[in-house]
Structures are given as C-alpha cells and as structure tokens.
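S.K.: What follows is the file coords00.tsv, containing TSV, C-alpha atoms:
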chain	number	residue	atom	x	y	z
A	796	MET	CA	0.56	6.39	12.28
A	797	PRO	CA	1.29	8.05	15.67
A	798	VAL	CA	1.81	11.82	15.79
A	799	GLN	CA	5.45	11.36	16.80
A	800	ALA	CA	6.11	9.19	13.74
A	801	ARG	CA	4.42	11.67	11.43
A	802	LEU	CA	6.48	14.53	12.90
A	803	ALA	CA	9.66	12.52	12.47
A	804	ALA	CA	8.76	11.90	8.85
A	805	VAL	CA	8.17	15.61	8.24
A	806	VAL	CA	11.50	16.60	9.81
A	807	CYS	CA	13.34	13.92	7.86
A	808	PHE	CA	11.63	14.89	4.59
A	809	ALA	CA	12.44	18.60	5.06
A	810	PHE	CA	16.08	17.80	5.76
A	811	CYS	CA	16.49	15.56	2.75
A	812	LEU	CA	14.86	18.03	0.39
A	813	THR	CA	17.88	20.25	0.98
A	814	SER	CA	20.32	17.48	0.12
A	815	SER	CA	19.20	14.14	-1.31
A	816	LEU	CA	16.59	11.47	-0.76
A	817	ALA	CA	19.45	9.00	-0.52
A	818	CYS	CA	20.78	10.73	2.61
A	819	THR	CA	18.14	9.09	4.77
A	820	ALA	CA	19.56	5.65	4.08
A	821	GLU	CA	22.61	6.86	5.99
A	822	THR	CA	20.66	8.31	8.94
A	823	LEU	CA	17.50	6.21	9.25
A	824	LYS	CA	18.16	2.89	10.96
A	825	ALA	CA	15.98	-0.18	10.65
A	826	VAL	CA	13.90	-0.98	13.73
A	827	CYS	CA	13.25	-4.59	12.74
A	828	GLN	CA	16.19	-6.98	12.59
A	829	PRO	CA	14.57	-9.60	10.36
A	830	THR	CA	15.15	-13.31	10.60
A	831	VAL	CA	13.90	-15.53	7.81
A	832	SER	CA	12.79	-19.14	7.80
A	833	LYS	CA	13.68	-21.68	5.20
A	834	PRO	CA	11.21	-21.65	2.29
A	835	VAL	CA	8.27	-24.03	2.36
A	836	VAL	CA	6.24	-25.13	-0.66
A	837	VAL	CA	2.58	-24.12	-0.37
A	838	VAL	CA	1.54	-25.05	-3.93
A	839	THR	CA	3.43	-27.85	-5.64
A	840	ALA	CA	3.90	-28.15	-9.38
A	841	ALA	CA	1.41	-31.05	-9.41
A	842	GLN	CA	-1.20	-29.03	-7.50
A	843	ARG	CA	-0.74	-26.11	-9.87
A	844	LEU	CA	-1.15	-28.37	-12.90
A	845	ALA	CA	-4.31	-29.94	-11.44
A	846	ALA	CA	-5.75	-26.51	-10.68
A	847	GLY	CA	-5.14	-25.42	-14.26
A	848	GLN	CA	-7.21	-28.34	-15.48
A	849	ARG	CA	-10.09	-27.11	-13.28
A	850	ALA	CA	-9.80	-23.47	-14.33
A	851	ARG	CA	-12.93	-21.72	-15.60
A	852	PRO	CA	-13.21	-20.60	-18.32
A	853	PRO	CA	-11.17	-23.53	-19.68
A	854	LEU	CA	-7.56	-22.77	-20.46
A	855	THR	CA	-6.38	-22.24	-24.03
A	856	ASP	CA	-2.73	-22.53	-23.00
A	857	THR	CA	-0.61	-23.62	-20.04
A	858	PHE	CA	-1.38	-22.49	-16.48
A	859	ASP	CA	1.61	-20.21	-15.72
A	860	TRP	CA	0.51	-19.06	-12.27
A	861	PRO	CA	1.34	-16.89	-10.41
A	862	ASP	CA	3.14	-14.77	-12.98
A	863	THR	CA	2.87	-11.59	-10.88
A	864	PRO	CA	2.87	-10.79	-7.19
A	865	LEU	CA	-0.34	-11.81	-5.45
A	866	GLY	CA	-3.24	-9.81	-4.09
A	867	VAL	CA	-4.72	-11.28	-0.89
A	868	ILE	CA	-8.10	-10.53	0.70
A	869	LYS	CA	-9.47	-12.08	3.88
A	870	THR	CA	-13.04	-13.35	3.64
A	871	GLY	CA	-15.50	-15.01	6.02
A	872	ALA	CA	-14.56	-18.40	4.58
A	873	GLY	CA	-10.80	-17.90	4.44
A	874	TYR	CA	-8.75	-15.97	1.90
A	875	GLU	CA	-9.06	-14.97	-1.73
A	876	PHE	CA	-5.92	-14.74	-3.84
A	877	PHE	CA	-5.42	-12.86	-7.10
A	878	GLY	CA	-2.53	-13.35	-9.52
A	879	SER	CA	-1.83	-13.47	-13.23
A	880	ASP	CA	-1.72	-16.64	-15.31
A	881	GLY	CA	0.95	-15.84	-17.87
A	882	GLY	CA	-0.41	-18.28	-20.46
A	883	PHE	CA	-2.17	-17.12	-23.62
A	884	HIS	CA	-5.91	-16.53	-23.33
A	885	SER	CA	-7.62	-16.95	-26.67
A	886	GLN	CA	-10.99	-15.32	-27.12
A	887	GLN	CA	-13.75	-17.91	-26.78
A	888	THR	CA	-17.43	-18.22	-25.96
A	889	TRP	CA	-18.05	-19.78	-22.57
A	890	GLU	CA	-21.45	-20.08	-20.91
A	891	GLY	CA	-22.87	-17.61	-23.40
A	892	GLU	CA	-20.25	-14.94	-22.69
A	893	GLU	CA	-17.27	-13.81	-24.75
A	894	VAL	CA	-14.15	-14.35	-22.64
A	895	GLY	CA	-10.43	-14.08	-23.27
A	896	ASN	CA	-8.68	-11.16	-24.96
A	897	ASN	CA	-6.08	-12.88	-27.18
A	898	LYS	CA	-3.30	-11.81	-24.85
A	899	SER	CA	-1.04	-13.54	-22.39
A	900	GLY	CA	-1.76	-12.74	-18.77
A	901	SER	CA	-4.96	-12.47	-16.76
A	902	VAL	CA	-6.29	-11.96	-13.23
A	903	VAL	CA	-6.88	-15.36	-11.62
A	904	ALA	CA	-8.94	-15.60	-8.42
A	905	THR	CA	-8.67	-18.59	-6.09
A	906	SER	CA	-10.17	-19.29	-2.66
A	907	GLY	CA	-8.07	-21.04	-0.05
A	908	THR	CA	-5.95	-20.60	3.04
A	909	LEU	CA	-2.53	-19.15	3.75
A	910	ASP	CA	-1.22	-22.72	3.70
A	911	ASN	CA	-3.03	-23.61	0.46
A	912	PRO	CA	-3.76	-20.54	-1.69
A	913	LEU	CA	-5.21	-22.62	-4.55
A	914	GLY	CA	-7.77	-24.35	-2.35
A	915	SER	CA	-9.91	-27.12	-3.83
A	916	GLY	CA	-12.22	-25.02	-5.98
A	917	ASP	CA	-11.92	-23.98	-9.60
A	918	PRO	CA	-9.56	-21.06	-10.32
A	919	ARG	CA	-11.49	-18.20	-11.92
A	920	GLU	CA	-9.61	-17.00	-15.03
A	921	VAL	CA	-10.52	-13.44	-16.02
A	922	SER	CA	-8.95	-11.43	-18.81
A	923	ILE	CA	-8.92	-7.66	-18.45
A	924	SER	CA	-11.59	-6.28	-20.78
A	925	PRO	CA	-11.10	-3.18	-22.91
A	926	ASN	CA	-12.64	0.04	-21.68
A	927	PRO	CA	-16.02	0.90	-23.24
A	928	ASP	CA	-14.33	4.06	-24.50
A	929	PRO	CA	-11.29	3.10	-26.64
A	930	ALA	CA	-9.81	6.56	-26.06
A	931	VAL	CA	-9.25	5.70	-22.38
A	932	ASN	CA	-6.39	3.41	-23.39
A	933	PRO	CA	-5.39	3.57	-27.07
A	934	ASN	CA	-2.57	1.10	-26.35
A	935	TYR	CA	-4.86	-1.75	-25.24
A	936	SER	CA	-4.87	-3.53	-28.59
A	937	SER	CA	-1.06	-3.36	-28.78
A	938	TYR	CA	-0.37	-5.31	-25.60
A	939	GLY	CA	0.92	-8.83	-25.96
A	940	TYR	CA	0.69	-9.37	-22.21
A	941	MET	CA	-1.78	-7.89	-19.72
A	942	GLY	CA	-2.09	-9.37	-16.25
A	943	GLY	CA	-2.06	-8.46	-12.60
A	944	GLY	CA	-2.47	-9.59	-9.03
A	945	PRO	CA	-1.94	-6.82	-6.45
A	946	VAL	CA	-5.44	-5.68	-5.47
A	947	PHE	CA	-6.76	-2.81	-3.38
A	948	GLN	CA	-10.17	-3.37	-1.83
A	949	ILE	CA	-12.19	-0.25	-0.99
A	950	PRO	CA	-12.73	-0.39	2.78
A	951	GLU	CA	-16.01	-0.26	4.63
A	952	GLY	CA	-17.37	3.24	5.14
A	953	MET	CA	-16.26	4.50	1.74
A	954	PRO	CA	-18.40	4.68	-1.40
A	955	HIS	CA	-18.27	1.44	-3.43
A	956	SER	CA	-16.81	-0.46	-0.46
A	957	GLY	CA	-15.74	-3.95	-1.44
A	958	SER	CA	-14.96	-3.00	-5.03
A	959	LEU	CA	-11.47	-3.79	-6.27
A	960	LEU	CA	-8.64	-2.09	-8.11
A	961	VAL	CA	-5.80	-4.18	-9.53
A	962	THR	CA	-2.42	-3.01	-10.73
A	963	TYR	CA	-1.68	-4.69	-14.04
A	964	HIS	CA	1.54	-5.23	-15.95
A	965	ALA	CA	1.17	-4.60	-19.70
A	966	GLU	CA	3.83	-5.43	-22.29
A	967	LEU	CA	4.14	-4.10	-25.80
A	968	PRO	CA	5.11	-6.75	-28.35
A	969	ASN	CA	8.75	-6.23	-29.16
A	970	ASP	CA	12.03	-8.05	-29.53
A	971	SER	CA	12.63	-7.31	-25.85
A	972	LEU	CA	10.64	-6.48	-22.70
A	973	TYR	CA	9.00	-3.05	-22.49
A	974	ALA	CA	6.14	-2.72	-20.05
A	975	ALA	CA	3.84	-0.18	-18.44
A	976	LEU	CA	1.68	-0.24	-15.31
A	977	GLY	CA	-2.06	0.33	-15.43
A	978	LEU	CA	-5.18	-0.05	-13.32
A	979	ALA	CA	-8.31	-2.13	-13.82
A	980	ALA	CA	-11.53	-2.08	-11.79
A	981	SER	CA	-14.01	-4.71	-10.66
A	982	SER	CA	-17.35	-4.14	-8.94
A	983	ASP	CA	-18.27	-7.85	-8.79
A	984	HIS	CA	-15.36	-9.18	-6.72
A	985	GLY	CA	-13.10	-9.95	-9.65
A	986	ARG	CA	-15.55	-11.74	-11.95
A	987	HIS	CA	-14.99	-9.00	-14.52
A	988	TRP	CA	-12.16	-6.48	-14.84
A	989	THR	CA	-12.42	-3.27	-16.87
A	990	ASP	CA	-9.29	-1.50	-18.06
A	991	LEU	CA	-8.92	2.03	-16.65
A	992	GLY	CA	-5.77	2.88	-18.58
A	993	GLU	CA	-2.06	3.24	-17.95
A	994	VAL	CA	-0.69	5.16	-14.98
A	995	VAL	CA	3.11	4.65	-15.17
A	996	ARG	CA	5.52	4.39	-18.07
A	997	LEU	CA	9.29	4.45	-18.08
A	998	ASN	CA	11.06	7.72	-18.78
A	999	GLN	CA	12.69	5.85	-21.66
A	1000	ALA	CA	10.24	5.87	-24.55
A	1001	TYR	CA	9.21	2.68	-26.33
A	1002	ALA	CA	11.31	1.74	-29.35
A	1003	VAL	CA	12.15	-1.47	-31.16
A	1004	GLY	CA	15.60	-2.68	-30.19
A	1005	LEU	CA	15.54	-1.52	-26.56
A	1006	ASP	CA	17.21	-3.57	-23.87
A	1007	GLY	CA	14.71	-5.58	-21.89
A	1008	PHE	CA	13.71	-3.91	-18.62
A	1009	GLU	CA	11.40	-5.16	-15.86
A	1010	ILE	CA	9.03	-2.55	-14.38
A	1011	GLY	CA	7.36	-5.12	-12.10
A	1012	ASP	CA	3.78	-5.02	-10.81
A	1013	GLY	CA	3.53	-3.52	-7.35
A	1014	PRO	CA	0.51	-2.80	-5.13
A	1015	LEU	CA	-1.18	0.52	-4.52
A	1016	VAL	CA	0.08	1.80	-1.16
A	1017	LEU	CA	-1.72	4.41	0.94
A	1018	SER	CA	0.44	7.41	1.88
A	1019	PRO	CA	0.82	8.13	5.63
A	1020	ASP	CA	-2.04	10.64	5.52
A	1021	HIS	CA	-4.14	8.28	3.35
A	1022	LYS	CA	-4.68	11.05	0.81
A	1023	TYR	CA	-2.64	9.48	-1.99
A	1024	PHE	CA	-2.02	6.15	-3.65
A	1025	TYR	CA	1.71	5.52	-4.02
A	1026	LEU	CA	2.91	3.11	-6.71
A	1027	TYR	CA	6.54	1.95	-6.72
A	1028	PHE	CA	8.62	0.72	-9.65
A	1029	PRO	CA	12.16	0.75	-11.06
A	1030	ASP	CA	12.51	3.41	-13.77
A	1031	TRP	CA	14.76	3.77	-16.81
A	1032	LEU	CA	15.87	7.35	-17.29
A	1033	ALA	CA	16.34	8.09	-20.97
A	1034	ASN	CA	20.01	8.45	-21.94
A	1035	GLY	CA	19.92	8.82	-25.71
A	1036	THR	CA	20.65	5.14	-26.39
A	1037	LEU	CA	18.66	1.93	-26.65
A	1038	HIS	CA	20.51	0.56	-23.65
A	1039	THR	CA	20.08	0.89	-19.89
A	1040	ALA	CA	23.67	2.17	-19.73
A	1041	ASN	CA	24.65	5.43	-21.38
A	1042	ALA	CA	27.56	6.02	-23.75
A	1043	THR	CA	30.04	6.01	-20.84
A	1044	GLY	CA	28.74	2.68	-19.58
A	1045	ALA	CA	26.94	4.08	-16.52
A	1046	SER	CA	23.49	2.70	-15.78
A	1047	THR	CA	20.64	5.21	-15.88
A	1048	THR	CA	18.06	3.02	-14.18
A	1049	THR	CA	16.63	3.55	-10.70
A	1050	ASN	CA	16.24	0.96	-7.97
A	1051	VAL	CA	13.00	2.37	-6.54
A	1052	SER	CA	10.91	5.22	-7.97
A	1053	VAL	CA	7.41	6.28	-6.95
A	1054	ALA	CA	4.36	7.91	-8.51
A	1055	ARG	CA	1.21	9.11	-6.79
A	1056	ALA	CA	-2.40	10.17	-7.40
A	1057	PRO	CA	-5.14	11.36	-4.99
A	1058	VAL	CA	-7.13	8.46	-3.55
A	1059	GLY	CA	-10.46	10.25	-3.88
A	1060	SER	CA	-9.86	11.15	-7.52
A	1061	VAL	CA	-8.77	7.62	-8.44
A	1062	LEU	CA	-11.79	5.99	-6.81
A	1063	GLU	CA	-14.27	8.51	-8.20
A	1064	ALA	CA	-12.93	8.11	-11.74
A	1065	ALA	CA	-13.06	4.32	-11.48
A	1066	PHE	CA	-16.30	3.76	-9.58
A	1067	GLY	CA	-18.17	7.09	-9.46
A	1068	PRO	CA	-22.00	6.99	-9.63
A	1069	GLU	CA	-23.34	5.53	-12.86
A	1070	PRO	CA	-24.31	6.93	-15.25
A	1071	ARG	CA	-21.84	9.78	-14.92
A	1072	TRP	CA	-22.66	12.57	-17.35
A	1073	SER	CA	-20.37	15.37	-18.46
A	1074	PHE	CA	-21.34	18.30	-20.67
A	1075	ASP	CA	-19.15	19.54	-23.49
A	1076	GLN	CA	-20.38	22.47	-25.58
A	1077	GLY	CA	-23.94	21.84	-24.48
A	1078	GLU	CA	-24.02	18.13	-25.41
A	1079	ALA	CA	-24.31	15.41	-22.81
A	1080	THR	CA	-21.82	12.52	-23.05
A	1081	LEU	CA	-21.53	9.48	-20.81
A	1082	ALA	CA	-18.26	9.51	-18.86
A	1083	ARG	CA	-16.58	6.10	-18.87
A	1084	PRO	CA	-14.62	4.53	-16.00
A	1085	HIS	CA	-11.02	5.62	-16.26
A	1086	THR	CA	-7.97	6.42	-14.18
A	1087	VAL	CA	-6.50	9.81	-13.37
A	1088	PRO	CA	-2.96	11.03	-14.08
A	1089	PHE	CA	-0.26	9.93	-11.67
A	1090	GLU	CA	2.81	12.08	-11.04
A	1091	LYS	CA	6.35	10.88	-10.37
A	1092	LEU	CA	8.50	12.17	-7.52
A	1093	TYR	CA	11.48	13.93	-9.05
A	1094	GLY	CA	14.11	16.23	-7.61
A	1095	GLY	CA	12.47	16.21	-4.19
A	1096	GLY	CA	9.09	17.45	-5.42
A	1097	TRP	CA	5.81	16.44	-6.99
A	1098	LYS	CA	3.78	17.89	-9.87
A	1099	LEU	CA	6.88	18.15	-12.06
A	1100	GLN	CA	6.91	14.86	-13.94
A	1101	PRO	CA	3.95	12.85	-15.26
A	1102	GLY	CA	3.54	9.20	-14.43
A	1103	LEU	CA	3.45	8.41	-18.14
A	1104	GLY	CA	7.02	8.97	-19.31
A	1105	GLY	CA	8.24	11.51	-16.76
A	1106	ALA	CA	11.61	11.40	-15.02
A	1107	SER	CA	11.89	10.16	-11.45
A	1108	THR	CA	14.17	10.22	-8.42
A	1109	ASP	CA	15.76	7.04	-7.11
A	1110	LEU	CA	14.53	6.57	-3.53
A	1111	SER	CA	17.24	3.99	-2.86
A	1112	ALA	CA	20.13	5.11	-5.03
A	1113	LYS	CA	22.84	3.46	-2.93
A	1114	SER	CA	21.17	0.06	-2.81
A	1115	VAL	CA	22.81	-2.88	-4.53
A	1116	TYR	CA	19.39	-4.56	-4.86
A	1117	SER	CA	16.69	-3.86	-7.41
A	1118	GLY	CA	13.87	-5.78	-9.05
A	1119	TYR	CA	10.32	-6.63	-8.03
A	1120	ILE	CA	9.09	-4.35	-5.25
A	1121	ASP	CA	6.43	-5.12	-2.63
A	1122	ILE	CA	5.55	-2.55	0.05
A	1123	HIS	CA	3.13	-2.71	3.01
A	1124	PHE	CA	2.70	-0.95	6.33
A	1125	ASN	CA	3.77	-2.75	9.50
A	1126	THR	CA	1.73	-1.75	12.56
A	1127	ASP	CA	4.10	-3.45	14.99
A	1128	ILE	CA	7.01	-1.13	14.19
A	1129	GLN	CA	4.90	1.71	12.70
A	1130	ARG	CA	6.90	1.70	9.49
A	1131	TYR	CA	6.51	0.75	5.86
A	1132	ILE	CA	8.27	-2.46	4.82
A	1133	MET	CA	9.84	-3.01	1.41
A	1134	ILE	CA	10.68	-6.47	0.08
A	1135	ILE	CA	12.80	-6.59	-3.09
A	1136	SER	CA	13.55	-9.58	-5.29
A	1137	ASN	CA	15.90	-9.61	-8.27
A	1138	ASP	CA	14.95	-13.24	-9.02
A	1139	THR	CA	17.70	-14.70	-6.83
A	1140	ASN	CA	18.19	-12.31	-3.88
A	1141	PHE	CA	15.62	-11.04	-1.38
A	1142	ALA	CA	16.28	-7.76	0.42
A	1143	TYR	CA	14.52	-5.77	3.16
A	1144	ALA	CA	14.16	-2.03	3.89
A	1145	GLU	CA	12.03	0.25	6.11
A	1146	SER	CA	10.58	3.75	5.91
A	1147	VAL	CA	8.68	6.10	8.22
A	1148	ASP	CA	7.07	8.18	5.46
A	1149	ALA	CA	7.16	5.72	2.52
A	1150	LEU	CA	9.63	7.99	0.69
A	1151	HIS	CA	12.88	7.80	2.66
A	1152	TRP	CA	14.22	4.28	3.08
A	1153	THR	CA	16.89	2.48	5.03
A	1154	LEU	CA	19.59	0.84	2.95
A	1155	PRO	CA	18.21	-2.58	1.96
A	1156	VAL	CA	19.78	-5.59	3.65
A	1157	LEU	CA	19.99	-9.10	2.27
A	1158	LEU	CA	17.38	-11.58	3.53
A	1159	GLY	CA	18.56	-14.59	1.57
A	1160	ASN	CA	19.44	-15.84	-1.87
A	1161	PHE	CA	18.46	-18.71	-4.14
A	1162	GLU	CA	20.23	-20.55	-6.92
A	1163	THR	CA	16.91	-20.83	-8.74
A	1164	ILE	CA	14.41	-18.21	-9.85
A	1165	ALA	CA	12.51	-16.70	-6.92
A	1166	ALA	CA	10.31	-13.92	-8.25
A	1167	TYR	CA	7.22	-11.81	-7.48
A	1168	PRO	CA	7.50	-11.37	-3.68
A	1169	THR	CA	4.23	-10.77	-1.80
A	1170	ALA	CA	4.29	-9.90	1.90
A	1171	VAL	CA	1.10	-11.00	3.69
A	1172	GLY	CA	0.05	-10.13	7.24
A	1173	LEU	CA	-1.38	-12.74	9.60
A	1174	GLY	CA	-4.06	-10.53	11.17
A	1175	ASP	CA	-7.49	-9.34	10.05
A	1176	ASP	CA	-6.08	-7.40	7.08
A	1177	PRO	CA	-3.50	-9.32	5.01
A	1178	HIS	CA	-2.20	-6.02	3.60
A	1179	VAL	CA	-1.06	-4.94	7.08
A	1180	LEU	CA	2.03	-6.62	8.49
A	1181	GLY	CA	3.01	-7.39	12.07
A	1182	ARG	CA	5.96	-8.72	14.03
A	1183	GLN	CA	5.75	-11.91	11.98
A	1184	PHE	CA	4.48	-12.20	8.42
A	1185	TYR	CA	4.78	-14.32	5.31
A	1186	VAL	CA	6.50	-13.58	2.00
A	1187	TYR	CA	5.17	-15.63	-0.92
A	1188	PHE	CA	7.11	-16.00	-4.16
A	1189	THR	CA	7.06	-17.93	-7.41
A	1190	HIS	CA	9.80	-20.55	-7.64
A	1191	LEU	CA	10.98	-21.70	-11.07
A	1192	PRO	CA	13.84	-24.16	-11.49
A	1193	THR	CA	16.70	-23.27	-13.82
A	1194	ASP	CA	16.95	-26.75	-15.33
A	1195	GLY	CA	15.00	-25.75	-18.42
A	1196	THR	CA	11.64	-27.13	-17.25
A	1197	GLY	CA	10.38	-23.66	-16.27
A	1198	TRP	CA	6.67	-23.58	-15.42
A	1199	THR	CA	6.36	-27.36	-15.71
A	1200	ASN	CA	8.01	-27.67	-12.31
A	1201	GLY	CA	7.13	-24.21	-11.01
A	1202	SER	CA	5.72	-23.87	-7.49
A	1203	LEU	CA	4.51	-21.25	-5.04
A	1204	GLN	CA	6.70	-21.02	-1.96
A	1205	ARG	CA	6.67	-19.03	1.24
A	1206	LEU	CA	9.12	-17.54	3.72
A	1207	THR	CA	8.28	-16.54	7.29
A	1208	LEU	CA	9.88	-13.25	8.31
A	1209	THR	CA	10.13	-12.39	12.01
A	1210	CYS	CA	11.32	-9.14	13.56
A	1211	ALA	CA	13.93	-10.16	16.11
A	1212	SER	CA	13.74	-6.78	17.84
A	1213	GLY	CA	11.64	-3.65	17.88
A	1214	PRO	CA	8.88	-2.11	19.99
A	1215	HIS	CA	6.19	-4.30	21.53
Just give me the structure as structure tokens.
M.R.:
Amino acid sequence: MPVQARLAAVVCFAFCLTSSLACTAETLKAVCQPTVSKPVVVVTAAQRLAAGQRARPPLTDTFDWPDTPLGVIKTGAGYEFFGSDGGFHSQQTWEGEEVGNNKSGSVVATSGTLDNPLGSGDPREVSISPNPDPAVNPNYSSYGYMGGGPVFQIPEGMPHSGSLLVTYHAELPNDSLYAALGLAASSDHGRHWTDLGEVVRLNQAYAVGLDGFEIGDGPLVLSPDHKYFYLYFPDWLANGTLHTANATGASTTTNVSVARAPVGSVLEAAFGPEPRWSFDQGEATLARPHTVPFEKLYGGGWKLQPGLGGASTDLSAKSVYSGYIDIHFNTDIQRYIMIISNDTNFAYAESVDALHWTLPVLLGNFETIAAYPTAVGLGDDPHVLGRQFYVYFTHLPTDGTGWTNGSLQRLTLTCASGPH
C-alpha cells in the first residue's frame, strides 16, 4: 500500500477512535463504481453430480459442493480450488488409510480453470483430522459439521512456503445452527488437514434452544502492514435471551466484526520446526501444531476481547446488508474490497485500512439462493483483485430440489471508474 494511503488510514483511524467506527461510512467514499455482469454457470448440476461420482476417497453421501466459499490458488497447470462438500463423510479404510471423520463437511480440492473449476480430474475429498493432542481442540468430537474452503498459502521467501492454512466452519449439533471458526493446516498441498483449533466464537455462548445464526467462513486477510491476520464474521452479542433480538425486540447482532492474530505467531504455531520441544518443570514434551489466540476489535481497541466468546464492534453498523463476507485487497484502487451475500442480495464496500468501510451498496439480487461469495483476481495471484474480477457463488434453486440442481455460478465485476 502506498505511503499516502497508509497515512490516510492512520488519520481516519485516529479520528474514528474518538467517535465511532461507523462514522467512516459517512466520510469515506467508494473509489470503484462497480458494474456487474449477468451470472454465468461455470459448473452445472450434471457436472457436479458426475464429479461426485469420481471423488476420491469414494463418497459415503451426496456431493454437496461447494458448501463454503472457495479458496483459489494459481498453479503452473492452471488453478486449484478448495471448498467444502457438505455431505456426510463416514469413516472408512481407503487405499490402506483411515479416512473420513463421521462428520458432514470436508475440504475438497479440484484442479481446473476459472471457467471450469471442477476440471476433468477426480475431486480430492479430505476430512479435517483431529489434532494429535486432544487438548488443542476439546470440541472436535462434538462437531456435526466441519468443513472449509478459504485457504492462505504461505508465500515464497517465508518458512514453510507453499504450506496451507484453511479457515473452517464447525457446527455443534443442536436444534439450530451454532458455529465457530477454526484453522487447519496442510503441509502436503491439501492431501491431509490437521485441526489447529478454534479461533472465533460468538459472544453469545452455546446453548440448546438458541436461534440459528450464520457465522460464515471467511478468508484470512493480511492487515495493511502484513503483521496480522484479520478474520471477519458477523457476531451475536449476548443479550440475556436465546434470541438474536433482546427483550425490547432490538437485534444484538453485528453485520461485520473482525478478530486478529500476529502472522508470525500463527505460522510458527502451525508449521514451526518439527519436532518442537517445550520444557515444563524439567520434563521435555513434544509441542503439537496448534493455533494462537485471536482477539476481537471492540470499542475502538484491541487486546480487550478474546476471539473465543469476546464482544466485538460492528464495523458496518449502518449497513442494511449482512451475511457471508469475502474480503480481498484490490491493487488497482489500493483498497480492500468486501463482498457480502445474505443468500439473495450481493453488496459491495471498500476500505483503506481494512477496518473502516464505506456503506455497502447493492450489486444485485436473486430470487433463488446465492450463497458463499468468493472474489477471485485474474492476475498472477487470485487473492489479489484488479479493475475487473470474478465473484463465484453457490446457486441453489428454491423449488425444493436443493443440491440436486445446485450449480456454481460466477459474476464479473468491473470498476467503472477509479485510478488507472
């Protein structure tokens, strides 16, 4: 980010700390005036069904893909795509290896192109494995769903370059939806994923009888100084009831909240040199891969609220849009881009510092389910956007057929104005 942009972010941040994060939506204006194409189908229902029949290990349920936003990596042969298959993955022995974790959800890897993400090969179905140390995530056995897609690939020049982190969405079995966000690591390009533990939970504690609430499954985003991973999500601030509205009927949910953790600490905990030994009272114990605590932004400051259950500030309190959140940096306008989907509406917002956002504007709406938006750049790094980029999403009809006729579709978003 240019020095001028960083200085502008600092000035804006200092000003809003004295008033409200929401004030920037009134003062910061969007540089890009987005225009959006009509959606095109890039994976038909028939193609998805055929790919499920080729999946390895063999499926034990239906192929409900993609059931999260996608992670996209550019390779020498094209692109690799990661996304969850929401079907149930029974434990089984396949090619001499125990696979499956008796949960719904997974991390599916496919090789293809931006016009055909499934390609012609066999989708690689991988369940997230428990950590070797059960204490890293005592909730693992309680999840009914555990799957993810948004990946972060360690860049060249850093230790463990090429290794992957994925943000996963984990649901506790309940009579409604209650989910947390966690991280899993892979050192073999997604052939195996090891659970590193949870990093974000709602401020509202888990309880039977809660209203259903969707926390999403967003990507790890580098802060402007590249010192922190930011992770965005809608939060539910506890209000003393089992409902998202308090006793007066006012909602206590946020549209966009954020948690962070130092990049170096996260990568060292996940991939640090093996074996990693720690000493406790003179005895050597092997340190297992794990994650580090994230902290939520609250009241204009950090280090006040933990990622697991802490309170958070709404970064877009005046927005009328909330739902699945996808955020990437756009080098053409030198701003972060946020795409929001509430299953029927898509909205767009910008930020200089990834904390203060313009008021989201409507991109388009659908009469059917359009979920899990994933913005993908057309240059060398799909995580970096430009003047024109794609937004992929899962399309499910509302005629009762659900995944049977589900497809992967794509919008093309173009900035009609902005710096060249």
S.K.: Excluding same-chain residues fewer than 3 positions from stretch 1054-1063 of chain A, what lies within 6 Å of it counting all atoms listed in the file, as a list in words?
M.R.: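 Counting all atoms listed in the file, the residues come to Lys1022, Tyr1023, Phe1024, Tyr1025, Leu1026, Phe1066, Gly1067, Thr1086, Val1087, Phe1089, Glu1090 and Lys1091 of chain A.
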S.K.: May I ask for the distance between atom CA of A:Ala1112 and atom CA of A:Glu1145, given in Å to one decimal place?
M.R.: 14.6 Å
S.K.: Which is closest to A:Ser906 among A:Pro853, A:Pro1101, A:Gly1011, A:Gly873, if we use only C-alpha atoms?
M.R.: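 Using only C-alpha atoms, A:Ser906 sits closest to A:Gly873.
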S.K.: Select from stretch 844-879 of chain A every residue with an atom at most 7 Å from any atom of stretch 1167-1173 of chain A, then for each give the shortest pair of atoms and their distance in Å to one decimal, using only C-alpha atoms, rows by chain and rising number, as a Markdown table.
M.R.:
| residue | atom | partner | partner_atom | distance |
| --- | --- | --- | --- | --- |
| A:Thr863 | CA | A:Tyr1167 | CA | 5.5 |
| A:Pro864 | CA | A:Tyr1167 | CA | 4.5 |
| A:Leu865 | CA | A:Thr1169 | CA | 5.9 |
S.K.: For atom CA of A:Val838 and atom CA of A:Trp1198, determine how far apart the two atoms are, in Å to one decimal place.
M.R.: 12.7 Å
S.K.: Taking all atoms listed in the file into account, name the residue in A:Leu1158, A:Leu1203, A:Val994, A:Leu1092 that is nearest to A:Thr839.
M.R.: A:Leu1203
S.K.: What's the 10 Å shell around stretch 969-971 of chain A, counting only C-alpha atoms, without same-chain residues fewer than 5 positions away, as a VMD selection string?
M.R.: chain A and resid 938 to 939 1001 to 1008
S.K.: Could you save the residues just selected, with C-alpha atoms, as an mmCIF file, in the frame of the given file?
M.R.:
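As written to disk, result_13.cif reads:
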data_model
loop_
_atom_site.group_PDB
_atom_site.id
_atom_site.type_symbol
_atom_site.label_atom_id
_atom_site.label_comp_id
_atom_site.auth_asym_id
_atom_site.auth_seq_id
_atom_site.Cartn_x
_atom_site.Cartn_y
_atom_site.Cartn_z
ATOM 1 C CA TYR A 938 -0.370 -5.310 -25.600
ATOM 2 C CA GLY A 939 0.920 -8.830 -25.960
ATOM 3 C CA TYR A 1001 9.210 2.680 -26.330
ATOM 4 C CA ALA A 1002 11.310 1.740 -29.350
ATOM 5 C CA VAL A 1003 12.150 -1.470 -31.160
ATOM 6 C CA GLY A 1004 15.600 -2.680 -30.190
ATOM 7 C CA LEU A 1005 15.540 -1.520 -26.560
ATOM 8 C CA ASP A 1006 17.210 -3.570 -23.870
ATOM 9 C CA GLY A 1007 14.710 -5.580 -21.890
ATOM 10 C CA PHE A 1008 13.710 -3.910 -18.620
#
S.K.: Restricting the calculation to all atoms listed in the file, which member of A:Met953, A:Val1156, A:Ala980, A:Ala846 is positioned closest to A:Gly916?
M.R.: A:Ala846
S.K.: Considering all atoms listed in the file, can you say which of A:Leu1015, A:Leu1150, A:Leu1037, A:Ala1000 comes closest to A:Gly944?
M.R.: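 Ranking A:Leu1015, A:Leu1150, A:Leu1037, A:Ala1000 by distance to A:Gly944, first place goes to A:Leu1015.
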S.K.: Closest to A:Tyr1116 among A:Ala930, A:Ala1144, A:Ala1040, A:Ile1132, using all atoms listed in the file?
M.R.: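 Of all the options, A:Ala1144 lies closest to A:Tyr1116.
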S.K.: Hey, which of A:Thr989, A:Thr1209, A:Asn998, A:Asn1034 ends up closest to A:Tyr973? Count only C-alpha atoms.
M.R.: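 The closest residue to A:Tyr973 is A:Asn998.
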S.K.: Neighbouring residues of A:Arg1130 were defined as those with any atom within 6 Å, considering all atoms listed in the file; residues of the same chain fewer than 6 positions away were excluded. Please report them as a list in words.
M.R.: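 The residues satisfying every condition are Phe1124, Ser1146 and Val1147 of chain A.
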S.K.: Residues within 12 Å of (5.4, -13.7, -9.6), file coordinates, counting all atoms listed in the file: what are they? Give the list as a VMD selection string.
M.R.: chain A and resid 859 to 866 877 to 881 900 942 to 945 964 1011 to 1013 1118 to 1121 1136 to 1138 1164 to 1169 1186 to 1191 1198 1201 to 1204
